[in-house]
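Peer 1: Please find target.txt (compact mmCIF, C-alpha atoms and all ligand atoms) on the next line:
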# COMPACT_ATOMS: atom_id res chain seq x y z
CA MET A 1142 -25.52 -27.75 25.92
CA PRO A 1143 -22.97 -27.96 28.76
CA ALA A 1144 -21.39 -30.98 27.09
CA LEU A 1145 -20.99 -29.10 23.85
CA GLN A 1146 -19.55 -26.13 25.63
CA LYS A 1147 -17.06 -28.29 27.43
CA ALA A 1148 -16.01 -29.82 24.15
CA SER A 1149 -15.36 -26.44 22.64
CA ILE A 1150 -13.24 -25.48 25.62
CA SER A 1151 -11.10 -28.57 25.81
CA ASN A 1152 -10.55 -29.21 22.13
CA PRO A 1153 -8.11 -26.49 21.00
CA SER A 1154 -5.34 -27.60 23.33
CA ASN A 1155 -5.33 -31.11 21.89
CA ASP A 1156 -6.07 -30.22 18.32
CA ARG A 1157 -5.08 -26.61 17.75
CA GLU A 1158 -4.82 -26.95 13.98
CA HIS A 1159 -8.54 -27.28 13.57
CA TRP A 1160 -9.50 -24.25 15.60
CA SER A 1161 -9.19 -20.58 14.88
CA ALA A 1162 -10.00 -17.32 16.59
CA CYS A 1163 -11.97 -14.67 14.70
CA HIS A 1164 -9.59 -11.80 13.92
CA ASP A 1165 -12.32 -9.21 14.50
CA CYS A 1166 -14.13 -10.48 17.61
CA ASP A 1167 -11.80 -13.12 19.09
CA LEU A 1168 -14.39 -15.91 19.07
CA LEU A 1169 -12.98 -19.44 19.22
CA LEU A 1170 -14.28 -21.32 16.21
CA PRO A 1171 -13.74 -24.76 14.72
CA ILE A 1172 -12.27 -24.75 11.19
CA HIS A 1173 -14.57 -26.51 8.79
CA ASP A 1174 -13.34 -27.89 5.53
CA ILE A 1175 -15.25 -25.75 3.06
CA THR A 1176 -15.96 -26.66 -0.52
CA GLU A 1177 -15.57 -24.73 -3.72
CA ASN A 1178 -16.35 -21.02 -3.69
CA GLN A 1179 -17.61 -21.17 -0.13
CA VAL A 1180 -16.84 -18.52 2.44
CA ALA A 1181 -16.50 -19.23 6.15
CA ARG A 1182 -17.86 -16.39 8.24
CA CYS A 1183 -17.82 -15.70 11.95
CA PRO A 1184 -21.29 -16.38 13.39
CA ARG A 1185 -20.99 -13.49 15.82
CA CYS A 1186 -19.49 -10.58 13.84
CA ASN A 1187 -19.81 -11.85 10.26
CA ALA A 1188 -16.08 -11.46 9.55
CA VAL A 1189 -14.74 -13.47 6.64
CA LEU A 1190 -12.55 -16.13 8.26
CA TYR A 1191 -11.35 -17.90 5.14
CA ARG A 1192 -12.63 -18.60 1.67
CA HIS A 1193 -12.12 -21.48 -0.65
CA LYS A 1194 -10.23 -20.41 -3.73
CA LYS A 1195 -9.95 -22.94 -6.46
CA ASN A 1196 -6.58 -23.19 -8.15
CA SER A 1197 -5.33 -20.30 -6.04
CA ILE A 1198 -1.59 -20.67 -6.60
CA ASN A 1199 -1.77 -21.25 -10.35
CA LYS A 1200 -4.05 -18.28 -10.84
CA THR A 1201 -1.94 -15.99 -8.65
CA LEU A 1202 1.15 -17.03 -10.59
CA ALA A 1203 -0.45 -16.48 -13.99
CA PHE A 1204 -2.08 -13.15 -13.17
CA SER A 1205 0.91 -11.62 -11.37
CA LEU A 1206 3.25 -12.61 -14.19
CA SER A 1207 0.92 -11.17 -16.84
CA ALA A 1208 0.49 -7.98 -14.81
CA LEU A 1209 4.26 -7.54 -14.52
CA LEU A 1210 4.61 -7.63 -18.31
CA PHE A 1211 2.43 -4.53 -18.54
CA TYR A 1212 4.03 -2.74 -15.62
CA ILE A 1213 6.85 -0.95 -17.45
CA PRO A 1214 4.82 0.34 -20.43
CA ALA A 1215 2.04 1.43 -18.07
CA ASN A 1216 4.51 3.48 -16.06
CA MET A 1217 6.75 4.89 -18.77
CA LEU A 1218 4.45 5.65 -21.70
CA PRO A 1219 2.08 8.63 -21.69
CA ILE A 1220 -1.35 7.91 -20.21
CA LEU A 1221 -2.85 11.26 -21.17
CA THR A 1222 -1.66 13.97 -23.54
CA LEU A 1223 -3.14 17.45 -23.47
CA ASN A 1224 -2.69 19.60 -26.55
CA ILE A 1225 -3.19 23.31 -25.82
CA TYR A 1226 -2.54 25.32 -29.02
CA GLY A 1227 0.24 22.97 -30.09
CA ASN A 1228 1.82 22.71 -26.67
CA MET A 1229 1.81 19.09 -25.58
CA GLY A 1230 1.56 18.21 -21.91
CA ARG A 1231 2.26 14.52 -21.42
CA ASN A 1232 1.45 12.57 -18.31
CA THR A 1233 3.07 9.30 -17.41
CA MET A 1234 2.73 7.74 -13.96
CA LEU A 1235 6.41 8.46 -13.35
CA ASN A 1236 6.69 12.06 -14.52
CA GLY A 1237 3.81 13.16 -12.29
CA VAL A 1238 5.98 12.18 -9.33
CA PHE A 1239 9.07 13.95 -10.72
CA ARG A 1240 7.12 17.10 -11.46
CA LEU A 1241 5.76 17.27 -7.91
CA TRP A 1242 9.30 16.74 -6.64
CA GLU A 1243 10.62 19.59 -8.82
CA GLN A 1244 7.93 21.88 -7.50
CA GLY A 1245 9.17 21.18 -3.99
CA PHE A 1246 6.35 18.93 -2.83
CA TRP A 1247 8.61 16.03 -1.90
CA TRP A 1248 6.30 14.56 0.73
CA MET A 1249 3.40 14.38 -1.68
CA ALA A 1250 5.68 13.10 -4.47
CA LEU A 1251 6.92 10.38 -2.15
CA LEU A 1252 3.41 9.32 -1.17
CA VAL A 1253 2.18 9.25 -4.77
CA ALA A 1254 5.30 7.28 -5.77
CA ILE A 1255 4.79 4.76 -2.96
CA CYS A 1256 1.08 4.21 -3.51
CA SER A 1257 0.90 4.22 -7.30
CA ILE A 1258 4.33 3.00 -8.46
CA LEU A 1259 6.47 1.27 -5.83
CA MET A 1260 3.94 -0.72 -3.79
CA PRO A 1261 2.03 -2.09 -6.81
CA LEU A 1262 5.37 -3.32 -8.22
CA PHE A 1263 6.54 -4.85 -4.94
CA GLU A 1264 3.17 -6.49 -4.47
CA LEU A 1265 3.31 -8.17 -7.89
CA ILE A 1266 6.91 -9.31 -7.43
CA LEU A 1267 6.07 -10.74 -4.01
CA LEU A 1268 2.94 -12.52 -5.26
CA LEU A 1269 5.03 -14.04 -8.04
CA THR A 1270 7.81 -15.08 -5.66
CA ILE A 1271 5.36 -16.67 -3.23
CA SER A 1272 3.37 -18.56 -5.83
CA VAL A 1273 6.49 -19.82 -7.63
CA ALA A 1274 8.00 -21.05 -4.36
CA ILE A 1275 4.85 -22.92 -3.39
CA LYS A 1276 4.27 -24.26 -6.87
CA ARG A 1277 7.79 -25.70 -6.95
CA GLN A 1278 7.39 -26.98 -3.38
CA ARG A 1279 10.60 -25.26 -2.35
CA TYR A 1280 11.01 -23.79 1.07
CA SER A 1281 13.46 -21.00 1.70
CA ALA A 1282 13.72 -18.38 4.41
CA VAL A 1283 12.62 -15.79 1.84
CA LEU A 1284 9.13 -17.29 1.65
CA PRO A 1285 7.78 -16.28 5.11
CA PHE A 1286 9.43 -12.89 4.70
CA ALA A 1287 7.74 -12.40 1.31
CA ILE A 1288 4.32 -13.34 2.67
CA LYS A 1289 4.66 -10.84 5.51
CA LEU A 1290 5.86 -8.10 3.15
CA GLN A 1291 2.98 -8.75 0.76
CA HIS A 1292 0.55 -8.28 3.64
CA LEU A 1293 2.20 -4.93 4.32
CA THR A 1294 2.20 -3.73 0.70
CA SER A 1295 -1.45 -4.62 0.12
CA SER A 1296 -2.77 -1.69 2.12
CA TRP A 1297 -0.50 0.84 0.37
CA ALA A 1298 -0.84 -0.30 -3.24
CA MET A 1299 -3.62 1.85 -4.66
CA LEU A 1300 -3.68 1.30 -8.41
CA GLU A 1301 -7.49 1.29 -8.50
CA VAL A 1302 -7.67 4.72 -6.86
CA TYR A 1303 -5.31 6.06 -9.53
CA LEU A 1304 -7.91 5.11 -12.13
CA LEU A 1305 -10.39 7.43 -10.45
CA GLY A 1306 -7.68 10.13 -10.50
CA ILE A 1307 -7.28 9.67 -14.27
CA ILE A 1308 -11.04 9.92 -14.82
CA VAL A 1309 -11.36 13.12 -12.78
CA ALA A 1310 -8.34 14.60 -14.59
CA ILE A 1311 -9.91 13.78 -17.97
CA VAL A 1312 -13.18 15.46 -17.03
CA LYS A 1313 -11.45 18.53 -15.57
CA MET A 1314 -9.16 19.11 -18.54
CA SER A 1315 -11.40 18.17 -21.44
CA ASP A 1316 -12.49 21.76 -22.18
CA LEU A 1317 -8.97 23.21 -21.90
CA GLY A 1318 -7.56 21.67 -25.04
CA GLU A 1319 -7.45 18.55 -27.11
CA LEU A 1320 -7.06 15.58 -24.77
CA VAL A 1321 -5.56 12.42 -26.25
CA LEU A 1322 -5.69 9.10 -24.41
CA GLY A 1323 -2.29 7.40 -24.69
CA GLN A 1324 -1.35 3.75 -25.28
CA ALA A 1325 -0.26 3.50 -21.67
CA LEU A 1326 -3.86 3.92 -20.57
CA VAL A 1327 -4.62 0.52 -22.10
CA CYS A 1328 -1.49 -0.98 -20.50
CA TYR A 1329 -2.47 0.58 -17.19
CA LEU A 1330 -6.00 -0.85 -17.38
CA ILE A 1331 -4.66 -4.34 -18.16
CA LEU A 1332 -2.15 -3.98 -15.32
CA LEU A 1333 -4.96 -2.97 -12.98
CA VAL A 1334 -7.28 -5.82 -13.98
CA PHE A 1335 -4.53 -8.47 -13.74
CA THR A 1336 -3.36 -7.11 -10.39
CA LEU A 1337 -6.88 -7.25 -8.98
CA CYS A 1338 -7.32 -10.79 -10.35
CA ALA A 1339 -4.01 -11.88 -8.80
CA LEU A 1340 -5.04 -10.42 -5.44
CA GLN A 1341 -8.47 -12.01 -5.72
CA SER A 1342 -6.98 -15.46 -6.30
CA TYR A 1343 -4.30 -15.10 -3.61
CA ASP A 1344 -5.16 -16.77 -0.32
CA ARG A 1345 -2.79 -15.72 2.46
CA HIS A 1346 -4.25 -18.13 4.95
CA SER A 1347 -3.63 -21.28 2.92
CA VAL A 1348 -0.27 -19.95 1.73
CA TRP A 1349 0.83 -19.87 5.37
CA LEU A 1350 -0.45 -23.39 5.90
CA ALA A 1351 1.41 -24.60 2.82
CA THR A 1352 4.55 -22.77 3.94
CA GLU A 1353 4.48 -24.46 7.31
CA ILE A 1354 4.09 -27.86 5.69
CA LEU A 1355 6.94 -27.17 3.27
CA ARG A 1356 9.16 -26.06 6.13
CA ASN A 1357 8.41 -29.13 8.19
CA LYS A 1358 9.05 -31.30 5.17
CA THR A 1359 12.47 -29.76 4.53
CA ARG A 1360 13.42 -29.73 8.20
CA ASN A 1361 12.79 -33.25 9.31
CA ASN A 1362 11.39 -34.91 6.24
CA VAL A 1363 8.35 -36.07 8.11
CA ASN A 1364 5.51 -37.65 6.26
CA MET A 1365 2.75 -35.08 6.60
CA LYS A 1366 -0.10 -37.16 5.29
CA ASN A 1367 -2.41 -36.12 8.11
CA LYS A 1368 -1.94 -32.48 7.13
CA SER A 1369 -2.81 -32.90 3.50
CA TRP A 1370 -6.03 -30.88 3.57
CA PRO A 1371 -4.59 -27.37 3.21
CA ILE A 1372 -2.63 -28.40 0.14
CA SER A 1373 -5.77 -29.71 -1.46
CA ARG A 1374 -7.38 -26.31 -0.92
CA LEU A 1375 -4.74 -24.55 -2.98
CA MET B 1197 -23.77 -24.02 19.59
CA ALA B 1198 -22.01 -22.09 22.29
CA TYR B 1199 -18.76 -20.40 21.45
CA GLN B 1200 -16.12 -19.01 23.75
CA GLN B 1201 -13.94 -15.97 23.53
CA ALA B 1202 -10.44 -17.20 22.65
CA LEU B 1203 -8.68 -15.06 25.24
CA SER B 1204 -10.83 -16.38 28.08
CA GLN B 1205 -9.60 -19.86 27.16
CA GLY B 1206 -5.96 -18.74 27.02
CA PHE B 1207 -5.72 -18.59 23.23
CA THR B 1208 -5.20 -15.88 20.67
CA SER B 1209 -4.72 -15.80 16.95
CA CYS B 1210 -1.59 -14.63 15.18
CA ASP B 1211 -2.32 -11.36 13.34
CA GLU B 1212 -0.15 -12.40 10.43
CA CYS B 1213 -1.04 -16.05 9.69
CA GLN B 1214 -4.25 -16.40 11.76
CA ARG B 1215 -2.95 -19.51 13.47
CA LEU B 1216 -4.31 -20.23 16.94
CA VAL B 1217 -1.61 -19.92 19.57
CA ARG B 1218 -1.70 -20.49 23.31
CA VAL B 1219 -0.97 -17.26 25.17
CA ALA B 1220 2.34 -17.68 26.97
CA GLU B 1221 3.30 -15.74 30.04
CA VAL B 1222 6.09 -13.39 29.08
CA THR B 1223 7.99 -10.78 31.05
CA LYS B 1224 8.17 -7.20 29.84
CA ARG B 1225 11.38 -7.75 27.95
CA GLN B 1226 10.30 -10.95 26.24
CA VAL B 1227 7.96 -11.34 23.31
CA GLN B 1228 5.98 -14.34 22.22
CA ARG B 1229 6.43 -15.45 18.65
CA CYS B 1230 4.08 -17.41 16.44
CA PRO B 1231 5.35 -20.98 15.85
CA CYS B 1232 4.25 -20.79 12.21
CA CYS B 1233 5.35 -17.39 10.91
CA HIS B 1234 7.58 -16.14 13.78
CA SER B 1235 5.73 -12.83 14.00
CA VAL B 1236 5.40 -11.25 17.41
CA VAL B 1237 2.13 -12.40 18.96
CA THR B 1238 0.28 -9.98 21.18
CA VAL B 1239 -3.13 -10.75 22.63
CA ARG B 1240 -4.43 -7.39 21.37
CA LYS B 1241 -2.65 -4.89 19.15
CA SER B 1242 -0.17 -3.27 21.51
CA LYS B 1243 -1.09 0.14 22.95
CA SER B 1244 -3.98 0.18 20.50
CA LEU B 1245 -6.03 2.95 22.14
CA SER B 1246 -3.25 5.46 22.76
CA ARG B 1247 -1.72 4.91 19.33
CA THR B 1248 -5.06 5.31 17.60
CA TRP B 1249 -5.79 8.48 19.59
CA ALA B 1250 -2.38 9.87 18.62
CA TRP B 1251 -2.84 9.26 14.88
CA LEU B 1252 -6.42 10.45 15.10
CA LEU B 1253 -5.54 13.79 16.77
CA THR B 1254 -2.75 14.28 14.23
CA GLY B 1255 -5.27 13.73 11.46
CA LEU B 1256 -7.85 16.04 13.03
CA ILE B 1257 -5.36 18.89 13.45
CA LEU B 1258 -3.98 18.51 9.91
CA LEU B 1259 -7.50 18.43 8.49
CA ILE B 1260 -7.76 22.18 9.16
CA PRO B 1261 -4.81 23.31 6.97
CA ALA B 1262 -5.73 20.61 4.45
CA ASN B 1263 -9.09 22.28 3.89
CA MET B 1264 -8.08 25.94 4.39
CA LEU B 1265 -4.90 26.07 2.29
CA PRO B 1266 -4.92 25.70 -1.50
CA VAL B 1267 -4.21 22.17 -2.71
CA MET B 1268 -3.62 23.29 -6.27
CA GLU B 1269 -2.81 26.53 -8.05
CA VAL B 1270 -3.52 27.33 -11.69
CA ILE B 1271 -1.02 29.97 -12.79
CA TYR B 1272 -2.14 31.79 -15.93
CA LEU B 1273 0.07 34.59 -17.31
CA GLY B 1274 1.83 35.00 -13.98
CA SER B 1275 -1.28 35.34 -11.83
CA GLY B 1276 -2.35 32.36 -9.83
CA SER B 1277 -5.82 31.23 -8.86
CA PRO B 1278 -5.54 28.92 -5.87
CA ASP B 1279 -8.01 26.10 -5.33
CA THR B 1280 -8.85 24.55 -2.01
CA ILE B 1281 -10.44 21.09 -1.88
CA MET B 1282 -13.91 22.55 -1.45
CA SER B 1283 -13.54 25.24 -4.13
CA GLY B 1284 -12.33 22.54 -6.54
CA VAL B 1285 -15.57 20.65 -5.92
CA LEU B 1286 -17.63 23.86 -6.35
CA HIS B 1287 -15.91 24.60 -9.69
CA LEU B 1288 -17.00 21.17 -10.91
CA VAL B 1289 -20.56 21.85 -9.72
CA GLU B 1290 -20.60 25.23 -11.51
CA ALA B 1291 -19.40 23.55 -14.68
CA GLY B 1292 -22.33 21.14 -14.38
CA MET B 1293 -20.20 18.06 -13.89
CA TYR B 1294 -22.30 16.75 -11.02
CA PRO B 1295 -21.26 13.06 -10.99
CA ILE B 1296 -17.54 13.91 -10.88
CA ALA B 1297 -18.13 16.68 -8.34
CA PHE B 1298 -19.94 14.11 -6.20
CA VAL B 1299 -17.11 11.57 -6.49
CA VAL B 1300 -14.46 14.16 -5.58
CA PHE B 1301 -16.59 15.41 -2.68
CA ILE B 1302 -17.03 11.88 -1.33
CA ALA B 1303 -13.33 10.98 -1.65
CA SER B 1304 -11.75 14.23 -0.49
CA VAL B 1305 -14.21 15.74 2.01
CA PHE B 1306 -16.63 13.07 3.17
CA VAL B 1307 -14.26 10.09 3.56
CA PRO B 1308 -11.60 11.80 5.76
CA VAL B 1309 -14.29 13.29 8.02
CA VAL B 1310 -16.24 10.02 8.27
CA LYS B 1311 -13.03 8.16 9.06
CA LEU B 1312 -12.01 10.53 11.82
CA VAL B 1313 -15.49 10.80 13.35
CA GLY B 1314 -16.04 7.02 13.07
CA LEU B 1315 -12.77 6.26 14.84
CA VAL B 1316 -13.58 8.77 17.58
CA VAL B 1317 -16.93 6.98 18.07
CA LEU B 1318 -15.19 3.57 18.28
CA LEU B 1319 -12.58 4.84 20.73
CA VAL B 1320 -15.23 6.48 22.91
CA VAL B 1321 -17.33 3.28 22.88
CA VAL B 1322 -14.32 1.25 24.01
CA GLN B 1323 -13.01 3.70 26.59
CA TRP B 1324 -16.32 4.56 28.23
CA LYS B 1325 -17.66 1.01 27.77
CA LEU B 1326 -20.84 2.28 26.10
CA PRO B 1327 -23.55 -0.33 25.48
CA ILE B 1328 -23.68 0.13 21.69
CA SER B 1329 -24.15 -2.86 19.39
CA ALA B 1330 -20.73 -4.44 18.96
CA ARG B 1331 -21.77 -5.83 15.61
CA GLN B 1332 -22.59 -2.37 14.29
CA CYS B 1333 -19.32 -0.99 15.65
CA THR B 1334 -17.42 -3.76 13.85
CA THR B 1335 -19.26 -2.95 10.62
CA LEU B 1336 -18.32 0.70 11.10
CA TYR B 1337 -14.69 -0.31 11.60
CA ARG B 1338 -14.67 -2.43 8.44
CA MET B 1339 -16.16 0.46 6.48
CA ILE B 1340 -13.49 2.85 7.82
CA GLU B 1341 -10.78 0.41 6.80
CA PHE B 1342 -12.24 0.00 3.33
CA ILE B 1343 -12.90 3.64 2.39
CA GLY B 1344 -9.59 5.08 3.62
CA ARG B 1345 -7.54 4.54 0.49
CA TRP B 1346 -9.98 6.39 -1.78
CA SER B 1347 -8.94 9.73 -0.27
CA MET B 1348 -5.74 9.46 -2.30
CA LEU B 1349 -7.82 10.39 -5.35
CA ASP B 1350 -7.12 14.12 -4.99
CA LEU B 1351 -3.36 13.62 -4.73
CA PHE B 1352 -3.23 11.34 -7.77
CA MET B 1353 -5.35 13.82 -9.73
CA ILE B 1354 -3.00 16.69 -8.84
CA SER B 1355 0.03 14.62 -9.90
CA ILE B 1356 -1.64 14.12 -13.28
CA LEU B 1357 -2.74 17.74 -13.74
CA VAL B 1358 0.70 19.24 -13.00
CA THR B 1359 2.16 17.36 -15.95
CA LEU B 1360 -0.72 17.99 -18.37
CA VAL B 1361 -0.71 21.77 -18.15
CA ASP B 1362 2.84 22.97 -18.55
CA LEU B 1363 3.09 25.92 -20.89
CA GLY B 1364 6.08 27.48 -19.18
CA SER B 1365 5.43 31.12 -18.32
CA ILE B 1366 2.02 31.20 -20.00
CA ALA B 1367 0.14 28.69 -17.91
CA SER B 1368 0.98 25.95 -15.46
CA ILE B 1369 -0.48 24.07 -12.53
CA THR B 1370 1.36 23.55 -9.27
CA ALA B 1371 0.45 21.72 -6.11
CA GLY B 1372 -0.26 23.81 -3.01
CA ALA B 1373 0.63 23.63 0.66
CA GLY B 1374 -2.81 22.21 1.41
CA ALA B 1375 -1.94 19.11 -0.60
CA THR B 1376 0.97 18.35 1.73
CA ALA B 1377 -1.36 18.64 4.72
CA PHE B 1378 -4.00 16.54 2.98
CA ALA B 1379 -1.45 13.82 2.17
CA SER B 1380 -0.55 13.74 5.84
CA VAL B 1381 -4.23 13.47 6.82
CA VAL B 1382 -4.59 10.41 4.57
CA VAL B 1383 -1.50 8.77 6.05
CA ALA B 1384 -2.49 9.58 9.64
CA THR B 1385 -6.02 8.21 9.23
CA MET B 1386 -4.72 5.05 7.57
CA PHE B 1387 -2.37 4.44 10.49
CA ALA B 1388 -5.19 5.28 12.94
CA ALA B 1389 -7.41 2.61 11.36
CA LYS B 1390 -4.53 0.11 11.38
CA THR B 1391 -3.64 0.57 15.03
CA PHE B 1392 -7.22 0.21 16.26
CA ASP B 1393 -8.10 -3.30 17.41
CA PRO B 1394 -11.78 -4.23 16.83
CA ARG B 1395 -11.49 -7.07 19.35
CA LEU B 1396 -11.46 -4.41 22.07
CA ILE B 1397 -15.13 -3.71 21.28
CA TRP B 1398 -16.01 -7.37 21.86
CA ASP B 1399 -13.94 -7.59 25.04
CA LEU B 1400 -16.67 -5.50 26.68
CA ARG B 1401 -19.23 -8.20 25.87
CA ALA B 1402 -19.84 -11.59 27.48
CA PRO B 1403 -17.09 -14.10 26.65
CA ILE B 1404 -19.66 -16.73 25.70
CA TYR B 1405 -21.71 -16.49 22.55
CA GLU B 1406 -24.76 -18.74 22.15
CA GLN B 1407 -26.02 -19.19 18.67
ZN ZN C 1501 -15.96 -12.67 14.71
Once you've parsed the file, please lay out its structure as structure tokens.
Peer 2:
Amino acid sequence: MPALQKASISNPSNDREHWSACHDCDLLLPIHDITENQVARCPRCNAVLYRHKKNSINKTLAFSLSALLFYIPANMLPILTLNIYGNMGRNTMLNGVFRLWEQGFWWMALLVAICSILMPLFELILLLTISVAIKRQRYSAVLPFAIKLQHLTSSWAMLEVYLLGIIVAIVKMSDLGELVLGQALVCYLILLVFTLCALQSYDRHSVWLATEILRNKTRNNVNMKNKSWPISRL
Amino acid sequence: MAYQQALSQGFTSCDECQRLVRVAEVTKRQVQRCPCCHSVVTVRKSKSLSRTWAWLLTGLILLIPANMLPVMEVIYLGSGSPDTIMSGVLHLVEAGMYPIAFVVFIASVFVPVVKLVGLVVLLVVVQWKLPISARQCTTLYRMIEFIGRWSMLDLFMISILVTLVDLGSIASITAGAGATAFASVVVATMFAAKTFDPRLIWDLRAPIYEQ
């Protein structure tokens, strides 16, 4: 046991690339090359360290692009229409925000706009930018910036919570008048599913590894054969 | 296998790209940056405890107006009937819509309270060095991080309802002052969860882990 322990102490300084520290409990762990659909977990706190995602970049690219196609109709067309004695109340994702703003609730309007409209859009654009850059093997200063921004947007993009909001609204209003589900509801659902798929296939950890390799390649044109494993994981 | 705590070996991981970096000695004015992503590397999230306490107290104070003031007002023929979060849930129960009432109760009442209480527990455990299972505390932290966003349900629902019922002077729905407070509670608790560093729980434990 002491020999093993000594090995685990001395190794990171020589070979830092193959060690990681658990982000939840700070345990020093060797990085194992995991195979398809495997998940590496911390033995002490069970945190997910990294997972193997097959075809990660291609899938992220495809799903984020498809999601973006449905973004505008999902936001502009009516999701729900309520007919009370001939008076039509239409809800789109955008006009809910404007209506709150008109009523003087700017703080709430801002928060709803950020979480249901702006951040989901930014997130998709960033995912697309990142996956296109890595797919084309092009490094630019925008890439690290985009990866960091995506990390930031992911906790504020709440499309899936909005779905629950729609469901509760439908139940609450169904006895008030004739409730019609709009075309945008379908667009919104497709947008939601594609966004979740894009996020599911996105692997921030290996995107960073690929970015570093791309940067080194462009900077000093070094042959990075010994670092080929992260690329193969993408 | 025996594993070591990274910090005790002079290493830490970058919060952004998870790369292992050697902790450099820096003066107060300097910062250490990650060689891979150039983010600022700190051994633990900076001023984690005081920042989390600050967001947490903000959330706790705002929770009172968020629950006392009306979040939504249905105006029918000029007279309004205000709804607080709890009365909205009770209306759904009275109407017999139990599943939806349950969902709204969980998202709007249960989640904010659980988040605030859970974070207080974590902060107390770290500050008073209480011998509570670090694994359970970490699970609690992960749960707090995961459930936080679902509190936005009420705000999204209000933004939908205000556009659906708009019959001018006959009937309309407006948001209420409570909704502003509630929105702030959601934001404050999300920041509180973000500024807390779960590694602080494990720093109280032995730096060697034998499997
Ligand atoms: Zn861990």
Peer 1: Rounded to one decimal, what separation in Å do you get between atom CA of B:Leu1256 and atom CA of B:Val1381?
Peer 2: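 Here the two named atoms are 7.6 Å from each other.
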Peer 1: For chain A against ligand ZN 1501 (chain C), with a cut-off of 10 Å and counting only C-alpha atoms and all ligand atoms, what is the closest atom pair and its distance in Å to one decimal for every residue that makes the cut, ordered by chain and number, as a Markdown table?
Peer 2:
| residue | atom | partner | partner_atom | distance |
| --- | --- | --- | --- | --- |
| A:Ala1162 | CA | C:ZN1501 | ZN | 7.8 |
| A:Cys1163 | CA | C:ZN1501 | ZN | 4.5 |
| A:His1164 | CA | C:ZN1501 | ZN | 6.5 |
| A:Asp1165 | CA | C:ZN1501 | ZN | 5.0 |
| A:Cys1166 | CA | C:ZN1501 | ZN | 4.1 |
| A:Asp1167 | CA | C:ZN1501 | ZN | 6.1 |
| A:Leu1168 | CA | C:ZN1501 | ZN | 5.7 |
| A:Leu1169 | CA | C:ZN1501 | ZN | 8.7 |
| A:Leu1170 | CA | C:ZN1501 | ZN | 8.9 |
| A:Arg1182 | CA | C:ZN1501 | ZN | 7.7 |
| A:Cys1183 | CA | C:ZN1501 | ZN | 4.5 |
| A:Pro1184 | CA | C:ZN1501 | ZN | 6.6 |
| A:Arg1185 | CA | C:ZN1501 | ZN | 5.2 |
| A:Cys1186 | CA | C:ZN1501 | ZN | 4.2 |
| A:Asn1187 | CA | C:ZN1501 | ZN | 5.9 |
| A:Ala1188 | CA | C:ZN1501 | ZN | 5.3 |
| A:Val1189 | CA | C:ZN1501 | ZN | 8.2 |
| A:Leu1190 | CA | C:ZN1501 | ZN | 8.1 |
Peer 1: Please, could you write that set of residues out with C-alpha atoms as an mmCIF file, in the coordinates of the input?
Peer 2:
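out-v4.cif written:
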data_model
loop_
_atom_site.group_PDB
_atom_site.id
_atom_site.type_symbol
_atom_site.label_atom_id
_atom_site.label_comp_id
_atom_site.auth_asym_id
_atom_site.auth_seq_id
_atom_site.Cartn_x
_atom_site.Cartn_y
_atom_site.Cartn_z
ATOM 1 C CA ALA A 1162 -10.000 -17.320 16.590
ATOM 2 C CA CYS A 1163 -11.970 -14.670 14.700
ATOM 3 C CA HIS A 1164 -9.590 -11.800 13.920
ATOM 4 C CA ASP A 1165 -12.320 -9.210 14.500
ATOM 5 C CA CYS A 1166 -14.130 -10.480 17.610
ATOM 6 C CA ASP A 1167 -11.800 -13.120 19.090
ATOM 7 C CA LEU A 1168 -14.390 -15.910 19.070
ATOM 8 C CA LEU A 1169 -12.980 -19.440 19.220
ATOM 9 C CA LEU A 1170 -14.280 -21.320 16.210
ATOM 10 C CA ARG A 1182 -17.860 -16.390 8.240
ATOM 11 C CA CYS A 1183 -17.820 -15.700 11.950
ATOM 12 C CA PRO A 1184 -21.290 -16.380 13.390
ATOM 13 C CA ARG A 1185 -20.990 -13.490 15.820
ATOM 14 C CA CYS A 1186 -19.490 -10.580 13.840
ATOM 15 C CA ASN A 1187 -19.810 -11.850 10.260
ATOM 16 C CA ALA A 1188 -16.080 -11.460 9.550
ATOM 17 C CA VAL A 1189 -14.740 -13.470 6.640
ATOM 18 C CA LEU A 1190 -12.550 -16.130 8.260
#
Peer 1: In Å, with one decimal, what is the gap from atom CA of B:Ser1244 to atom CA of B:Val1322?
Peer 2: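 Answer for the atom CA of B:Ser1244 to atom CA of B:Val1322 separation: 11.0 Å.
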Peer 1: Within 12 Å of A:Leu1337, counting all atoms listed in the file, which residues qualify if same-chain residues fewer than 5 places away don't, as a ChimeraX atom specification?
Peer 2: /A:1200-1201,1204-1205,1207-1208,1261,1264-1265,1268,1295,1298-1301,1330-1332,1342-1343
Peer 1: Those same residues, written as a compact mmCIF listing (two decimals), in the frame of the given file with C-alpha atoms?
Peer 2:
# COMPACT_ATOMS: atom_id res chain seq x y z
CA LYS A 1200 -4.05 -18.28 -10.84
CA THR A 1201 -1.94 -15.99 -8.65
CA PHE A 1204 -2.08 -13.15 -13.17
CA SER A 1205 0.91 -11.62 -11.37
CA SER A 1207 0.92 -11.17 -16.84
CA ALA A 1208 0.49 -7.98 -14.81
CA PRO A 1261 2.03 -2.09 -6.81
CA GLU A 1264 3.17 -6.49 -4.47
CA LEU A 1265 3.31 -8.17 -7.89
CA LEU A 1268 2.94 -12.52 -5.26
CA SER A 1295 -1.45 -4.62 0.12
CA ALA A 1298 -0.84 -0.30 -3.24
CA MET A 1299 -3.62 1.85 -4.66
CA LEU A 1300 -3.68 1.30 -8.41
CA GLU A 1301 -7.49 1.29 -8.50
CA LEU A 1330 -6.00 -0.85 -17.38
CA ILE A 1331 -4.66 -4.34 -18.16
CA LEU A 1332 -2.15 -3.98 -15.32
CA SER A 1342 -6.98 -15.46 -6.30
CA TYR A 1343 -4.30 -15.10 -3.61
